[in-house]
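> Please find one structure pasted underneath; my questions will follow.
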Amino acid sequence: MPDRIYDETELSVNLTSDHTLVITDNNGTRKMQLTADKYTIGRESDNTVRLHSDFVSRYHAILLKVHYSNRPDTYRIIDGSTSGKISKNGIVLNALRKVSSYELQDGDIVTFAPEVHILYLAPKLT
């Protein structure tokens, strides 16, 4: 039996050993593997994660890798720019509460503006 070929439209499944973001904004939905220790998120073109929406701040949030010696690494999302300026609309976790900083867990959805969000997928450990 041949191996199953997964279509990239199966965006809510992480079949890799990498941390992954599924980004949804005015340009559609796309998947991004996370390998760096730091990402900037916002609508300006020099962000490492660019969000296409006029409702997103130019520099909306920062994503930082958190290293652990006794458990798998993860990422922390922090509202605002690298200079410390918070975003205009904030960030909402799992459609329930506004957060200023949060350590992401598999399946978390962070909303930046109407119809603009990221889904965090933790690596599948083997």
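Identifiers in the structure tokens: chain A, B, ... in order shown; residue index from 1 per chain; ligand index from 1 in order shown.
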Excluding range 21-23 of chain A and residues on its chain fewer than 6 positions from it, collect all residues at most 7 Å away from it, counting only C-alpha atoms, and give them as a list of chain:residue names.
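Once the adjacent positions are removed, what remains is A:Leu11, A:Thr29, A:Arg30, A:Lys31, A:Met32, A:Gln33, A:His117, A:Ile118, A:Leu119, A:Tyr120, A:Leu121.
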> Residues at most 12 Å from range 68-83 of chain A, counting only C-alpha atoms, excluding those fewer than 2 positions away in the same chain, as a PDB file with C-alpha atoms, in the first residue's frame?

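Saved file result27.pdb follows:
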ATOM      1  CA  SER A  17       8.892  17.685  13.940  1.00  0.00           C
ATOM      2  CA  ASP A  18       8.807  21.496  13.561  1.00  0.00           C
ATOM      3  CA  HIS A  19       6.698  24.074  15.354  1.00  0.00           C
ATOM      4  CA  THR A  20       4.147  25.368  12.834  1.00  0.00           C
ATOM      5  CA  LEU A  21       1.871  28.369  12.398  1.00  0.00           C
ATOM      6  CA  LEU A  34       9.005  27.942  12.911  1.00  0.00           C
ATOM      7  CA  THR A  35      12.741  27.391  13.304  1.00  0.00           C
ATOM      8  CA  ALA A  36      14.104  30.739  14.566  1.00  0.00           C
ATOM      9  CA  ASP A  37      14.218  31.919  18.174  1.00  0.00           C
ATOM     10  CA  LYS A  38      12.354  35.171  17.478  1.00  0.00           C
ATOM     11  CA  TYR A  39       9.655  36.380  15.081  1.00  0.00           C
ATOM     12  CA  THR A  40       7.896  39.713  14.740  1.00  0.00           C
ATOM     13  CA  ILE A  41       4.232  39.745  13.745  1.00  0.00           C
ATOM     14  CA  GLY A  42       2.364  42.638  12.129  1.00  0.00           C
ATOM     15  CA  ARG A  43       1.247  44.317   8.930  1.00  0.00           C
ATOM     16  CA  GLU A  44       4.548  46.059   8.018  1.00  0.00           C
ATOM     17  CA  ASN A  47       7.882  41.581   9.963  1.00  0.00           C
ATOM     18  CA  VAL A  56      -3.524  44.686  12.580  1.00  0.00           C
ATOM     19  CA  SER A  57      -0.904  46.956  14.134  1.00  0.00           C
ATOM     20  CA  ARG A  58       2.234  47.644  12.130  1.00  0.00           C
ATOM     21  CA  TYR A  59       4.198  45.714  14.789  1.00  0.00           C
ATOM     22  CA  HIS A  60       1.539  43.743  16.621  1.00  0.00           C
ATOM     23  CA  ALA A  61       3.327  40.977  18.535  1.00  0.00           C
ATOM     24  CA  ILE A  62       6.542  39.047  19.122  1.00  0.00           C
ATOM     25  CA  LEU A  63       6.949  35.277  19.119  1.00  0.00           C
ATOM     26  CA  LEU A  64       9.880  33.998  21.219  1.00  0.00           C
ATOM     27  CA  LYS A  65      11.137  30.425  21.464  1.00  0.00           C
ATOM     28  CA  VAL A  66      11.294  29.155  25.042  1.00  0.00           C
ATOM     29  CA  LYS A  85       4.807  49.517  22.451  1.00  0.00           C
ATOM     30  CA  ILE A  86       1.627  47.450  22.862  1.00  0.00           C
ATOM     31  CA  SER A  87      -0.664  46.863  19.890  1.00  0.00           C
ATOM     32  CA  LYS A  88      -3.818  48.925  19.431  1.00  0.00           C
ATOM     33  CA  ASN A  89      -6.284  46.004  19.585  1.00  0.00           C
ATOM     34  CA  GLY A  90      -4.304  43.490  21.640  1.00  0.00           C
ATOM     35  CA  ILE A  91      -4.279  39.735  21.116  1.00  0.00           C
ATOM     36  CA  VAL A  92      -7.044  37.301  22.046  1.00  0.00           C
ATOM     37  CA  LEU A  93      -6.326  33.694  22.980  1.00  0.00           C
ATOM     38  CA  LYS A  98      -7.128  39.033  25.942  1.00  0.00           C
ATOM     39  CA  VAL A  99      -3.544  38.257  26.908  1.00  0.00           C
ATOM     40  CA  SER A 100      -0.374  40.326  27.030  1.00  0.00           C
ATOM     41  CA  SER A 101       1.941  37.290  27.117  1.00  0.00           C
ATOM     42  CA  TYR A 102       1.222  33.578  26.808  1.00  0.00           C
ATOM     43  CA  GLU A 103       3.151  30.348  26.317  1.00  0.00           C
ATOM     44  CA  LEU A 104       1.496  28.650  23.344  1.00  0.00           C
ATOM     45  CA  GLN A 105       0.185  25.094  23.474  1.00  0.00           C
ATOM     46  CA  ASP A 106      -0.751  22.806  20.604  1.00  0.00           C
ATOM     47  CA  ASP A 108      -4.025  27.497  20.448  1.00  0.00           C
ATOM     48  CA  ILE A 109      -5.559  30.180  18.243  1.00  0.00           C
ATOM     49  CA  VAL A 110      -4.358  33.760  18.618  1.00  0.00           C
ATOM     50  CA  THR A 111      -6.612  36.431  17.095  1.00  0.00           C
ATOM     51  CA  PHE A 112      -5.180  39.803  16.064  1.00  0.00           C
ATOM     52  CA  ILE A 118      -2.763  32.155  13.786  1.00  0.00           C
ATOM     53  CA  TYR A 120      -0.130  27.140  16.678  1.00  0.00           C
ATOM     54  CA  LEU A 121       0.740  23.485  16.060  1.00  0.00           C
ATOM     55  CA  ALA A 122       3.341  21.884  18.302  1.00  0.00           C
ATOM     56  CA  PRO A 123       5.726  19.329  16.798  1.00  0.00           C
ATOM     57  CA  LYS A 124       4.707  15.712  16.803  1.00  0.00           C
ATOM     58  CA  LEU A 125       7.129  13.895  19.041  1.00  0.00           C
ATOM     59  CA  THR A 126       8.235  10.429  17.977  1.00  0.00           C
TER      60      THR A 126
END
> Go through chain A and collect every residue that DSSP, computed from the backbone, puts in strand (DSSP E); the answer should be as a ChimeraX atom specification.
/A:19-25,28-34,38-42,49-50,61-66,74-79,91-93,97-99,101-103,109-113,116-121
